[in-house]
file work12.cif (mmCIF, C-alpha atoms, pLDDT in the B column; chains and numbers go by the auth columns)
data_my_file
loop_
_atom_site.group_PDB
_atom_site.id
_atom_site.type_symbol
_atom_site.label_atom_id
_atom_site.label_comp_id
_atom_site.label_asym_id
_atom_site.label_seq_id
_atom_site.Cartn_x
_atom_site.Cartn_y
_atom_site.Cartn_z
_atom_site.B_iso_or_equiv
_atom_site.auth_seq_id
_atom_site.auth_asym_id
ATOM 1 C CA MET A 1 -47.640 -35.537 -3.380 44.00 1 A
ATOM 2 C CA SER A 2 -50.285 -34.624 -5.931 47.00 2 A
ATOM 3 C CA ASP A 3 -54.022 -34.552 -5.310 73.00 3 A
ATOM 4 C CA VAL A 4 -54.510 -37.679 -7.416 83.00 4 A
ATOM 5 C CA ASP A 5 -53.577 -41.012 -5.904 95.00 5 A
ATOM 6 C CA PRO A 6 -50.493 -42.274 -7.809 97.00 6 A
ATOM 7 C CA VAL A 7 -51.902 -45.796 -8.102 97.00 7 A
ATOM 8 C CA THR A 8 -55.170 -44.504 -9.529 97.00 8 A
ATOM 9 C CA GLU A 9 -53.289 -42.220 -11.902 98.00 9 A
ATOM 10 C CA PHE A 10 -51.205 -45.123 -13.227 98.00 10 A
ATOM 11 C CA GLN A 11 -54.294 -47.281 -13.632 97.00 11 A
ATOM 12 C CA ASN A 12 -56.051 -44.428 -15.471 98.00 12 A
ATOM 13 C CA GLN A 13 -53.088 -43.910 -17.807 98.00 13 A
ATOM 14 C CA ARG A 14 -52.792 -47.652 -18.428 98.00 14 A
ATOM 15 C CA THR A 15 -56.505 -47.875 -19.213 98.00 15 A
ATOM 16 C CA ALA A 16 -56.314 -44.807 -21.486 98.00 16 A
ATOM 17 C CA PHE A 17 -53.441 -46.303 -23.493 98.00 17 A
ATOM 18 C CA LEU A 18 -55.009 -49.752 -23.791 98.00 18 A
ATOM 19 C CA SER A 19 -58.365 -48.257 -24.808 98.00 19 A
ATOM 20 C CA TRP A 20 -56.726 -46.054 -27.425 98.00 20 A
ATOM 21 C CA PHE A 21 -54.623 -48.963 -28.707 98.00 21 A
ATOM 22 C CA GLY A 22 -57.691 -51.206 -28.876 97.00 22 A
ATOM 23 C CA GLU A 23 -59.564 -48.523 -30.804 97.00 23 A
ATOM 24 C CA GLN A 24 -56.760 -48.403 -33.371 97.00 24 A
ATOM 25 C CA SER A 25 -57.061 -52.175 -33.765 97.00 25 A
ATOM 26 C CA ARG A 26 -60.834 -51.917 -34.248 96.00 26 A
ATOM 27 C CA LEU A 27 -60.370 -49.207 -36.875 96.00 27 A
ATOM 28 C CA ILE A 28 -57.977 -51.435 -38.810 95.00 28 A
ATOM 29 C CA ARG A 29 -60.273 -54.439 -38.557 93.00 29 A
ATOM 30 C CA HIS A 30 -63.680 -52.889 -39.144 92.00 30 A
ATOM 31 C CA GLN A 31 -62.926 -49.881 -41.350 86.00 31 A
ATOM 32 C CA PRO A 32 -60.076 -50.963 -43.612 79.00 32 A
ATOM 33 C CA LYS A 33 -60.504 -48.005 -46.000 86.00 33 A
ATOM 34 C CA SER A 34 -57.357 -46.206 -47.040 85.00 34 A
ATOM 35 C CA ASP A 35 -58.306 -42.987 -45.229 92.00 35 A
ATOM 36 C CA THR A 36 -58.904 -44.882 -41.975 93.00 36 A
ATOM 37 C CA ILE A 37 -55.602 -46.730 -42.317 95.00 37 A
ATOM 38 C CA ALA A 38 -53.890 -43.394 -42.954 94.00 38 A
ATOM 39 C CA GLU A 39 -55.520 -42.024 -39.772 95.00 39 A
ATOM 40 C CA VAL A 40 -54.231 -44.985 -37.742 96.00 40 A
ATOM 41 C CA LYS A 41 -50.739 -44.468 -39.170 95.00 41 A
ATOM 42 C CA VAL A 42 -50.809 -40.841 -38.033 95.00 42 A
ATOM 43 C CA ASN A 43 -52.186 -41.851 -34.642 96.00 43 A
ATOM 44 C CA PHE A 44 -49.360 -44.341 -34.153 96.00 44 A
ATOM 45 C CA ARG A 45 -46.750 -41.763 -35.051 92.00 45 A
ATOM 46 C CA ASP A 46 -48.242 -38.747 -33.276 92.00 46 A
ATOM 47 C CA HIS A 47 -50.316 -39.939 -30.334 95.00 47 A
ATOM 48 C CA GLY A 48 -48.904 -43.279 -29.226 95.00 48 A
ATOM 49 C CA SER A 49 -45.817 -41.730 -27.650 95.00 49 A
ATOM 50 C CA GLU A 50 -47.975 -39.273 -25.703 97.00 50 A
ATOM 51 C CA TYR A 51 -49.994 -42.086 -24.137 97.00 51 A
ATOM 52 C CA LEU A 52 -46.899 -44.138 -23.404 97.00 52 A
ATOM 53 C CA ASN A 53 -44.996 -41.189 -21.916 97.00 53 A
ATOM 54 C CA ARG A 54 -47.875 -40.399 -19.563 98.00 54 A
ATOM 55 C CA MET A 55 -48.093 -44.031 -18.498 98.00 55 A
ATOM 56 C CA MET A 56 -44.315 -44.209 -18.010 98.00 56 A
ATOM 57 C CA ARG A 57 -44.311 -41.087 -15.815 98.00 57 A
ATOM 58 C CA ALA A 58 -47.297 -42.349 -13.825 98.00 58 A
ATOM 59 C CA ALA A 59 -45.554 -45.688 -13.214 98.00 59 A
ATOM 60 C CA ILE A 60 -42.410 -43.988 -11.936 98.00 60 A
ATOM 61 C CA VAL A 61 -44.410 -41.655 -9.678 97.00 61 A
ATOM 62 C CA MET A 62 -46.394 -44.616 -8.362 97.00 62 A
ATOM 63 C CA ALA A 63 -43.205 -46.554 -7.625 97.00 63 A
ATOM 64 C CA THR A 64 -41.754 -43.677 -5.623 96.00 64 A
ATOM 65 C CA GLU A 65 -44.802 -42.117 -3.967 96.00 65 A
ATOM 66 C CA ALA A 66 -46.770 -45.297 -3.262 95.00 66 A
ATOM 67 C CA SER A 67 -43.928 -47.743 -2.668 95.00 67 A
ATOM 68 C CA ASP A 68 -45.805 -49.403 0.199 96.00 68 A
ATOM 69 C CA HIS A 69 -49.087 -49.842 -1.737 96.00 69 A
ATOM 70 C CA ILE A 70 -50.129 -53.444 -2.394 96.00 70 A
ATOM 71 C CA CYS A 71 -50.172 -52.847 -6.168 94.00 71 A
ATOM 72 C CA VAL A 72 -46.500 -51.869 -6.038 96.00 72 A
ATOM 73 C CA THR A 73 -45.330 -54.441 -3.500 96.00 73 A
ATOM 74 C CA ALA A 74 -47.085 -57.282 -5.357 96.00 74 A
ATOM 75 C CA LYS A 75 -44.638 -56.876 -8.248 96.00 75 A
ATOM 76 C CA PRO A 76 -40.887 -57.515 -8.132 96.00 76 A
ATOM 77 C CA PRO A 77 -38.694 -54.596 -7.021 95.00 77 A
ATOM 78 C CA GLY A 78 -38.108 -52.161 -9.852 96.00 78 A
ATOM 79 C CA PHE A 79 -41.108 -53.315 -11.858 98.00 79 A
ATOM 80 C CA TYR A 80 -42.873 -49.952 -12.061 98.00 80 A
ATOM 81 C CA ASN A 81 -39.854 -47.665 -12.130 96.00 81 A
ATOM 82 C CA VAL A 82 -37.645 -49.822 -14.392 97.00 82 A
ATOM 83 C CA GLU A 83 -39.581 -52.526 -16.241 98.00 83 A
ATOM 84 C CA VAL A 84 -42.710 -50.555 -17.147 98.00 84 A
ATOM 85 C CA PRO A 85 -40.637 -47.686 -18.622 98.00 85 A
ATOM 86 C CA LYS A 86 -38.657 -50.274 -20.627 98.00 86 A
ATOM 87 C CA MET A 87 -41.890 -51.782 -21.960 97.00 87 A
ATOM 88 C CA CYS A 88 -43.217 -48.331 -22.835 97.00 88 A
ATOM 89 C CA ALA A 89 -39.967 -47.442 -24.602 97.00 89 A
ATOM 90 C CA ALA A 90 -40.092 -50.690 -26.575 97.00 90 A
ATOM 91 C CA LEU A 91 -43.664 -49.947 -27.650 97.00 91 A
ATOM 92 C CA GLN A 92 -42.644 -46.411 -28.636 96.00 92 A
ATOM 93 C CA LEU A 93 -40.082 -47.939 -30.972 96.00 93 A
ATOM 94 C CA ARG A 94 -42.574 -50.501 -32.255 96.00 94 A
ATOM 95 C CA LEU A 95 -45.431 -48.121 -33.124 97.00 95 A
ATOM 96 C CA PRO A 96 -43.659 -46.441 -36.081 96.00 96 A
ATOM 97 C CA GLN A 97 -42.695 -49.894 -37.365 96.00 97 A
ATOM 98 C CA LEU A 98 -46.328 -50.977 -37.211 96.00 98 A
ATOM 99 C CA ALA A 99 -47.394 -47.732 -38.895 96.00 99 A
ATOM 100 C CA ALA A 100 -44.946 -48.407 -41.735 96.00 100 A
ATOM 101 C CA ARG A 101 -46.631 -51.757 -42.400 95.00 101 A
ATOM 102 C CA LEU A 102 -50.111 -50.274 -42.655 95.00 102 A
ATOM 103 C CA GLY A 103 -51.544 -49.492 -46.054 92.00 103 A
ATOM 104 C CA ILE A 104 -49.234 -51.789 -48.002 92.00 104 A
ATOM 105 C CA ASN A 105 -51.943 -54.376 -48.524 92.00 105 A
ATOM 106 C CA PRO A 106 -54.873 -55.840 -46.550 91.00 106 A
ATOM 107 C CA LYS A 107 -52.773 -58.778 -45.317 94.00 107 A
ATOM 108 C CA CYS A 108 -50.225 -56.424 -43.757 94.00 108 A
ATOM 109 C CA ASP A 109 -53.052 -54.465 -42.151 95.00 109 A
ATOM 110 C CA MET A 110 -54.450 -57.646 -40.630 95.00 110 A
ATOM 111 C CA CYS A 111 -50.991 -58.620 -39.367 96.00 111 A
ATOM 112 C CA VAL A 112 -50.765 -55.276 -37.564 97.00 112 A
ATOM 113 C CA HIS A 113 -54.264 -55.830 -36.178 97.00 113 A
ATOM 114 C CA PHE A 114 -53.250 -59.240 -34.792 97.00 114 A
ATOM 115 C CA ILE A 115 -50.023 -57.851 -33.309 97.00 115 A
ATOM 116 C CA ILE A 116 -52.045 -55.201 -31.480 97.00 116 A
ATOM 117 C CA GLU A 117 -54.571 -57.763 -30.285 97.00 117 A
ATOM 118 C CA ASN A 118 -51.781 -59.970 -28.910 97.00 118 A
ATOM 119 C CA ILE A 119 -50.320 -57.016 -27.037 96.00 119 A
ATOM 120 C CA LEU A 120 -53.765 -56.185 -25.652 97.00 120 A
ATOM 121 C CA VAL A 121 -54.277 -59.727 -24.386 96.00 121 A
ATOM 122 C CA GLU A 122 -51.113 -59.593 -22.270 95.00 122 A
ATOM 123 C CA PRO A 123 -49.618 -56.097 -22.201 94.00 123 A
ATOM 124 C CA GLY A 124 -47.125 -56.908 -19.440 94.00 124 A
ATOM 125 C CA PHE A 125 -47.799 -53.788 -17.387 92.00 125 A
#

call {"tool": "encode", "arguments": {"input": "work12.cif", "output": "structure tokens"}}
result
Amino acid sequence: MSDVDPVTEFQNQRTAFLSWFGEQSRLIRHQPKSDTIAEVKVNFRDHGSEYLNRMMRAAIVMATEASDHICVTAKPPGFYNVEVPKMCAALQLRLPQLAARLGINPKCDMCVHFIIENILVEPGF
């Protein structure tokens, strides 16, 4: 077992992803210049998978190493080692699609912003 508590590590990775994702939404909303939109597109393509992979690994480690922890037992069996990785994989597929919609026109940018905000309201994991 690592020095870091697996539950804390998952929570840290979850928070890091959601904070990063929220920052991308704020950039789209409050700085809709073409260079900022281009930066968000690159972030979605290059950095989103990194965040999601770390969260996926942390969820699997938490499910195996802290299987008796209340955070793990409060969810249905397989939630952290099956469902969370599925959600992360789905988001990894979705991020390039969202990136492709950015920069087409301001309405598309706002649609992406609202999609992100809806995910942030209820991420599922």

call {"tool": "residues_around", "arguments": {"input": "work12.cif", "residues": "range 56-68 of chain A", "least_positions_apart": "4", "cutoff": "10 Å", "atoms": "all atoms listed in the file", "output": "ChimeraX atom specification"}}
result
/A:1-2,5-14,50-52,72-74,77-89,125

call {"tool": "atom_distance", "arguments": {"input": "work12.cif", "atom1": "CA of Glu122 in chain A", "atom2": "CA of Asn105 in chain A"}}
result
26.8 Å

call {"tool": "closest_residue", "arguments": {"input": "work12.cif", "among": "A:Val112, A:Ile28, A:Val4, A:Ala16", "to": "Leu95 in chain A", "atoms": "all atoms listed in the file"}}
result
A:Val112

call {"tool": "axis_aligned_box", "arguments": {"input": "work12.cif", "around": "range 79-95 of chain A", "padding_each_side": "5 Å", "output": "AutoDock Vina command-line options"}}
result
--center_x -41.5 --center_y -49.9 --center_z -22.5 --size_x 17.8 --size_y 16.9 --size_z 31.3

call {"tool": "resolve_selection", "arguments": {"input": "work12.cif", "expression": "the PyMOL selection byres ((chain A and resi 27) around 12)", "output": "list in words"}}
result
Trp20, Phe21, Gly22, Glu23, Gln24, Ser25, Arg26, Ile28, Arg29, His30, Gln31, Pro32, Lys33, Ser34, Asp35, Thr36, Ile37, Ala38, Glu39, Val40, Lys41, Asn43, Leu102, Asp109, Met110, Val112, His113 and Ile116 of chain A

call {"tool": "closest_residue", "arguments": {"input": "work12.cif", "among": "A:Leu18, A:Met55, A:Cys111, A:Ile70", "to": "Leu98 in chain A", "atoms": "only C-alpha atoms"}}
result
A:Cys111

call {"tool": "atom_distance", "arguments": {"input": "work12.cif", "atom1": "CA of Gly103 in chain A", "atom2": "CA of Asn53 in chain A"}}
result
26.4 Å

call {"tool": "atom_distance", "arguments": {"input": "work12.cif", "atom1": "CA of Gln92 in chain A", "atom2": "CA of Gly48 in chain A"}}
result
7.0 Å
